[in-house]
>>> print(open('final.cif').read())   # mmCIF, C-alpha atoms (C1' of nucleotides)
data_entry
#
loop_
_atom_site.label_atom_id
_atom_site.label_comp_id
_atom_site.auth_asym_id
_atom_site.auth_seq_id
_atom_site.Cartn_x
_atom_site.Cartn_y
_atom_site.Cartn_z
CA MET A 1 -156.68 147.47 108.37
CA GLU A 2 -159.03 145.57 110.53
CA ARG A 3 -159.31 148.30 113.02
CA MET A 4 -161.73 150.72 111.50
CA SER A 5 -163.38 151.33 114.80
CA GLN A 6 -162.02 154.82 114.96
CA GLN A 7 -164.13 156.91 112.65
CA ARG A 8 -162.10 159.62 111.03
CA THR A 9 -163.51 161.67 108.24
CA PRO A 10 -161.57 161.21 104.99
CA ASP A 11 -161.46 164.88 104.14
CA ALA A 12 -160.32 165.77 107.59
CA ALA A 13 -156.78 164.95 106.61
CA ALA A 14 -156.83 166.98 103.43
CA PHE A 15 -158.90 169.85 104.82
CA PRO A 16 -158.44 169.87 108.55
CA GLU A 17 -161.30 171.82 110.06
CA LEU A 18 -160.61 174.18 112.86
CA PRO A 19 -162.04 173.37 116.25
CA ALA A 20 -165.60 174.62 116.56
CA TYR A 21 -164.64 176.97 119.33
CA VAL A 22 -161.90 178.52 117.23
CA GLU A 23 -164.30 179.13 114.39
CA ARG A 24 -166.67 180.86 116.74
CA VAL A 25 -163.92 183.10 117.99
CA LEU A 26 -162.88 183.99 114.46
CA ASP A 27 -166.48 184.63 113.57
CA VAL A 28 -166.84 187.13 116.36
CA ALA A 29 -163.58 188.79 115.38
CA GLU A 30 -164.83 189.32 111.85
CA ARG A 31 -168.01 190.80 113.23
CA ILE A 32 -166.28 193.61 115.09
CA PRO A 33 -166.80 196.82 113.13
CA PRO A 34 -163.82 198.88 112.01
CA GLY A 35 -162.73 201.45 114.50
CA ARG A 36 -163.85 199.30 117.39
CA VAL A 37 -162.28 196.51 119.44
CA MET A 38 -163.27 193.72 121.77
CA THR A 39 -161.19 192.32 124.56
CA TYR A 40 -160.35 188.64 124.77
CA GLY A 41 -162.56 188.44 127.80
CA ASP A 42 -165.40 190.16 126.00
CA VAL A 43 -165.25 187.67 123.18
CA ALA A 44 -165.27 184.78 125.62
CA GLU A 45 -168.19 186.25 127.48
CA TRP A 46 -170.05 186.98 124.29
CA LEU A 47 -169.58 183.38 123.21
CA GLY A 48 -170.66 182.21 126.63
CA GLU A 49 -167.89 179.66 126.60
CA GLY A 50 -164.26 179.44 127.49
CA GLY A 51 -162.19 182.25 128.90
CA PRO A 52 -159.94 185.08 127.76
CA ARG A 53 -156.95 182.82 127.60
CA GLN A 54 -158.70 180.35 125.40
CA VAL A 55 -159.69 183.15 123.04
CA GLY A 56 -156.12 184.38 123.11
CA ARG A 57 -154.86 180.97 122.14
CA ALA A 58 -157.34 180.68 119.31
CA MET A 59 -156.32 184.07 117.98
CA ALA A 60 -152.64 183.33 118.34
CA LEU A 61 -152.91 180.13 116.37
CA TYR A 62 -155.58 180.89 113.81
CA GLY A 63 -156.27 184.62 114.00
CA GLY A 64 -154.15 185.49 110.99
CA PRO A 65 -156.90 185.63 108.34
CA VAL A 66 -159.29 187.69 110.44
CA PRO A 67 -159.03 191.26 111.76
CA TRP A 68 -156.91 190.20 114.71
CA TRP A 69 -156.09 193.80 115.62
CA ARG A 70 -159.69 194.24 116.76
CA VAL A 71 -159.30 191.64 119.49
CA VAL A 72 -157.16 193.13 122.20
CA ARG A 73 -156.17 193.06 125.81
CA SER A 74 -158.40 194.78 128.30
CA ASP A 75 -155.70 197.27 129.26
CA GLY A 76 -155.43 198.50 125.68
CA VAL A 77 -151.80 197.55 125.24
CA LEU A 78 -150.91 196.84 121.63
CA LEU A 79 -150.07 193.32 120.68
CA PRO A 80 -146.34 192.85 121.26
CA GLY A 81 -144.60 192.11 118.01
CA HIS A 82 -147.43 193.47 115.92
CA GLU A 83 -147.65 196.99 117.23
CA ARG A 84 -146.59 198.49 113.96
CA ARG A 85 -149.11 196.53 111.94
CA ALA A 86 -151.86 197.19 114.47
CA LEU A 87 -151.19 200.92 114.61
CA GLU A 88 -151.46 201.08 110.87
CA ARG A 89 -154.91 199.58 111.03
CA TYR A 90 -156.01 201.72 113.93
CA ARG A 91 -155.02 204.88 112.19
CA MET A 92 -156.73 203.71 109.05
CA GLU A 93 -159.90 202.86 110.94
CA ALA A 94 -159.74 205.88 113.21
CA THR A 95 -159.76 203.67 116.26
CA PRO A 96 -159.60 205.74 119.45
CA LEU A 97 -156.04 205.70 120.71
CA ARG A 98 -154.39 207.15 123.75
CA THR A 99 -150.87 208.27 124.32
CA ALA A 100 -149.29 206.90 127.45
CA ALA A 101 -146.87 208.75 129.66
CA ASP A 102 -143.89 207.21 127.92
CA GLY A 103 -145.21 208.33 124.57
CA SER A 104 -146.29 204.88 123.49
CA GLN A 105 -149.75 204.57 122.09
CA ARG A 106 -152.46 202.35 123.44
CA LEU A 107 -156.08 201.86 122.66
CA ASP A 108 -158.53 204.11 124.39
CA MET A 109 -160.63 201.27 125.67
CA ARG A 110 -163.19 203.60 127.13
CA ARG A 111 -164.19 204.66 123.65
CA ALA A 112 -163.00 201.87 121.41
CA ARG A 113 -164.49 198.96 123.31
CA TRP A 114 -167.35 197.34 121.47
CA ASP A 115 -169.88 195.34 123.44
CA GLY A 116 -171.25 193.49 120.46
CA ALA A 117 -174.26 195.72 119.99
CA PRO A 118 -175.43 195.93 116.36
CA ALA A 119 -174.67 199.60 115.93
CA GLU A 120 -174.70 202.80 117.82
CA GLY A 121 -176.86 205.20 115.87
CA PRO A 122 -175.93 208.84 115.50
CA THR A 123 -173.33 209.81 118.03
CA HIS A 124 -175.22 211.94 120.43
CA THR A 125 -172.41 212.28 122.95
"C1'" DA B 126 -151.60 162.35 136.61
"C1'" DG B 127 -149.38 166.66 137.91
"C1'" DC B 128 -147.03 170.96 136.74
"C1'" DT B 129 -146.06 174.78 133.71
"C1'" DT B 130 -147.31 178.10 130.36
"C1'" DG B 131 -150.12 181.42 127.72
"C1'" DA B 132 -151.90 187.13 122.07
"C1'" DC B 133 -155.90 187.18 129.88
"C1'" DC B 134 -158.68 189.75 133.74
"C1'" DG B 135 -159.92 192.15 137.94
"C1'" DA B 136 -158.80 193.48 142.41
"C1'" DC B 137 -155.35 195.59 145.46
"C1'" DC B 138 -151.90 198.47 147.05
"C1'" DT C 139 -149.62 204.94 136.81
"C1'" DG C 140 -147.64 200.73 137.58
"C1'" DG C 141 -146.40 196.26 139.79
"C1'" DT C 142 -148.23 191.93 142.11
"C1'" DC C 143 -151.38 188.24 143.08
"C1'" DG C 144 -154.90 184.86 142.52
"C1'" DG C 145 -158.14 182.98 139.47
"C1'" DC C 146 -159.31 181.02 135.11
"C1'" DC C 147 -159.42 177.44 131.12
"C1'" DA C 148 -156.83 174.57 127.90
"C1'" DA C 149 -152.84 172.68 125.84
"C1'" DG C 150 -148.13 170.64 126.28
"C1'" DC C 151 -144.69 168.17 128.42
#
>>> encode(input="final.cif", output="structure tokens")
Amino acid sequence: MERMSQQRTPDAAAFPELPAYVERVLDVAERIPPGRVMTYGDVAEWLGEGGPRQVGRAMALYGGPVPWWRVVRSDGVLLPGHERRALERYRMEATPLRTAADGSQRLDMRRARWDGAPAEGPTHT
DNA sequence: AGCTTGACCGACC
DNA sequence: TGGTCGGCCAAGC
């Protein structure tokens, strides 16, 4: 091939790297402590780049390997199609939940939301 | 190049 | 409490 002007890394084909932004999103997701959650918007804001929708896309496509249940919607609604799986995790991690009027469970964002702070010492309510 | 869609968000009513 | 609307940022078509 004469046209080698386009530089493509050899290993890129065998080991396709995820977009840098996606890796950042996944990194943040892994950093969320058990029992806590971050909203898509929070993650985007924390990264200082992109928006909630972009984070949502990244999670939808590549969020499988990471604790995806800790990245949620701001209204606390469980991820459609994964409610069962998510609830399992929440119960296991003692994530603050709330029972809606219809009996369905949602996250209690007021308590479960994590702002990215390192830790929150002894709960002094 | 323009329009639609999406694991969204906040403001309003 | 719940439905609508406009805004937002990329990706697909």
>>> resolve_selection(input="final.cif", expression="the PyMOL selection byres ((chain A and resi 41) around 8)", output="list in words")
Thr39, Tyr40, Asp42, Val43, Ala44, Glu45, Gly51, Pro52, Arg53, Val55 and Ser74 of chain A; DC133 and DC134 of chain B
>>> residues_near_point(input="final.cif", point="(-156.4, 203.3, 116.8)", cutoff="12 Å", atoms="all atoms listed in the file", output="ChimeraX atom specification")
/A:34-37,69-70,72,76-78,83-99,105-109,111-113
>>> write_last_selection(input="final.cif", atoms="C-alpha atoms", output="PDB file, in the coordinates of the input")
ATOM      1  CA  PRO A  34    -163.820 198.880 112.010  1.00  0.00           C
ATOM      2  CA  GLY A  35    -162.730 201.450 114.500  1.00  0.00           C
ATOM      3  CA  ARG A  36    -163.850 199.300 117.390  1.00  0.00           C
ATOM      4  CA  VAL A  37    -162.280 196.510 119.440  1.00  0.00           C
ATOM      5  CA  TRP A  69    -156.090 193.800 115.620  1.00  0.00           C
ATOM      6  CA  ARG A  70    -159.690 194.240 116.760  1.00  0.00           C
ATOM      7  CA  VAL A  72    -157.160 193.130 122.200  1.00  0.00           C
ATOM      8  CA  GLY A  76    -155.430 198.500 125.680  1.00  0.00           C
ATOM      9  CA  VAL A  77    -151.800 197.550 125.240  1.00  0.00           C
ATOM     10  CA  LEU A  78    -150.910 196.840 121.630  1.00  0.00           C
ATOM     11  CA  GLU A  83    -147.650 196.990 117.230  1.00  0.00           C
ATOM     12  CA  ARG A  84    -146.590 198.490 113.960  1.00  0.00           C
ATOM     13  CA  ARG A  85    -149.110 196.530 111.940  1.00  0.00           C
ATOM     14  CA  ALA A  86    -151.860 197.190 114.470  1.00  0.00           C
ATOM     15  CA  LEU A  87    -151.190 200.920 114.610  1.00  0.00           C
ATOM     16  CA  GLU A  88    -151.460 201.080 110.870  1.00  0.00           C
ATOM     17  CA  ARG A  89    -154.910 199.580 111.030  1.00  0.00           C
ATOM     18  CA  TYR A  90    -156.010 201.720 113.930  1.00  0.00           C
ATOM     19  CA  ARG A  91    -155.020 204.880 112.190  1.00  0.00           C
ATOM     20  CA  MET A  92    -156.730 203.710 109.050  1.00  0.00           C
ATOM     21  CA  GLU A  93    -159.900 202.860 110.940  1.00  0.00           C
ATOM     22  CA  ALA A  94    -159.740 205.880 113.210  1.00  0.00           C
ATOM     23  CA  THR A  95    -159.760 203.670 116.260  1.00  0.00           C
ATOM     24  CA  PRO A  96    -159.600 205.740 119.450  1.00  0.00           C
ATOM     25  CA  LEU A  97    -156.040 205.700 120.710  1.00  0.00           C
ATOM     26  CA  ARG A  98    -154.390 207.150 123.750  1.00  0.00           C
ATOM     27  CA  THR A  99    -150.870 208.270 124.320  1.00  0.00           C
ATOM     28  CA  GLN A 105    -149.750 204.570 122.090  1.00  0.00           C
ATOM     29  CA  ARG A 106    -152.460 202.350 123.440  1.00  0.00           C
ATOM     30  CA  LEU A 107    -156.080 201.860 122.660  1.00  0.00           C
ATOM     31  CA  ASP A 108    -158.530 204.110 124.390  1.00  0.00           C
ATOM     32  CA  MET A 109    -160.630 201.270 125.670  1.00  0.00           C
ATOM     33  CA  ARG A 111    -164.190 204.660 123.650  1.00  0.00           C
ATOM     34  CA  ALA A 112    -163.000 201.870 121.410  1.00  0.00           C
ATOM     35  CA  ARG A 113    -164.490 198.960 123.310  1.00  0.00           C
TER      36      ARG A 113
END
>>> residues_near_point(input="final.cif", point="(-154.7, 179.1, 131.2)", cutoff="7 Å", atoms="all atoms listed in the file", output="PyMOL selection string")
(chain A and resi 53) or (chain B and resi 131) or (chain C and resi 146-148)
>>> atom_distance(input="final.cif", atom1="atom C1' of B:DT129", atom2="atom CA of A:Leu18")
25.4 Å
>>> resolve_selection(input="final.cif", expression="the PyMOL selection byres ((chain C and resi 140) around 12)", output="PyMOL selection string")
(chain A and resi 100-101) or (chain B and resi 138) or (chain C and resi 139+141-142)
>>> atom_distance(input="final.cif", atom1="atom CA of A:His82", atom2="atom CA of A:Tyr62")
15.1 Å
>>> closest_residue(input="final.cif", among="A:Asp115, A:Leu79, A:Leu47, A:Val66", to="A:Ala20", atoms="only C-alpha atoms")
A:Leu47
>>> closest_residue(input="final.cif", among="A:Ala117, A:Glu17, A:Glu49, A:Ala29", to="A:Pro65", atoms="only C-alpha atoms")
A:Ala29
